[in-house]
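Shown next, in structure tokens, is the structure this report addresses.
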Amino acid sequence: MAAANVPVPGGVSPLAEMHSEPIRNPEPGVMAAKPKLYYFRGRGRMEPIRWLLAAAGVEFEEEFLETRERYEKLQKDGHLLFGQVPLVEIDGMMLTQTTAILSYLAAKEGPEGESQILKDHGEDFLVGNKFSWADIQLLEAVLMVEELSASVLSDFPLLKAFKTRISNIPTIKKFLQAGSQRKPPPDSHYVEAVKTVLQFSWQRQSEQTIVSRSKVFEKSKTITPSTANAD
């Protein structure tokens, strides 16, 4: 199965970027198989993907990365473009990079036309009178901020109304219930799993950068005006 990367502009965080691809509840059997999500047992960069699939009513499977060996196997098999997770297996492809995955899913689950959601909720959406990725992202952000400060919306009645309205959409309401595939805030198990699997690769990269720059600096001290113009 070939790895794939759907091109998207820039490197903006998907939670901060508002897109307008409409989504709908898919008809049964639209996908040949359930999408499979490869990530840690926590939110991270996979959580917006879980939200989008859940909002569209798409069932998905998950494989949680707990060991370095499993991560290296995915790399060896050519599934992790740039060595990155999240990884989503869907439609015969292995997709990486969060924004690219979200763009693909939003386009796939969002053909033109009204859905039952639109009929039920009228003009209560952020973009073009259609339930879209933007609504999901804003609700996810609001709920995460409320976890830090429960009263954060007290002075924002429109956001409170938006939260209540979108949270009561059937697929969203189901995802917010206990026992769903929505993940809790990061805990010690999640942090340790990430450390184990990635083995502080960012720290090694920083050390390699320092060593590389030190070598460049040492080399630069041997360059004289005459040798610099030798070419």
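Identifiers for the structure tokens are assigned positionally: chains receive A, B, ... in sequence, residues are indexed from 1 per chain, and ligands are indexed from 1 in the order shown.
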Near Ser180 (chain A), counting only C-alpha atoms, which residues have an atom at most 12 Å away, once you skip same-chain residues fewer than 4 positions from it, shown as a ChimeraX atom specification?
-> /A:50-51,54,59-61,171-176,184
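Closest to Arg45 (chain A) among A:Leu159, A:Lys183, A:Val58, A:Phe131 is A:Lys183, based on only C-alpha atoms.
Residues with any atom within 10 Å of Pro186 (chain A), counting only C-alpha atoms and excluding same-chain neighbours fewer than 4 positions away, are A:Arg41, A:Gly42, A:Arg43, A:Gly44, A:Tyr190, A:Val191.
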DSSP on the backbone: what in region 35-152 of chain A comes out alpha helix (DSSP H), as an MDAnalysis selection string?
-> chainID A and resid 47:55 68:76 98:108 116:121 133:148
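Of note, CA of Ile169 (chain A) and CA of Ala55 (chain A) are spaced 8.5 Å apart.
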What is the CA of Leu65 (chain A)-CA of Phe40 (chain A) distance in Å, reported with one decimal?
-> 5.0 Å
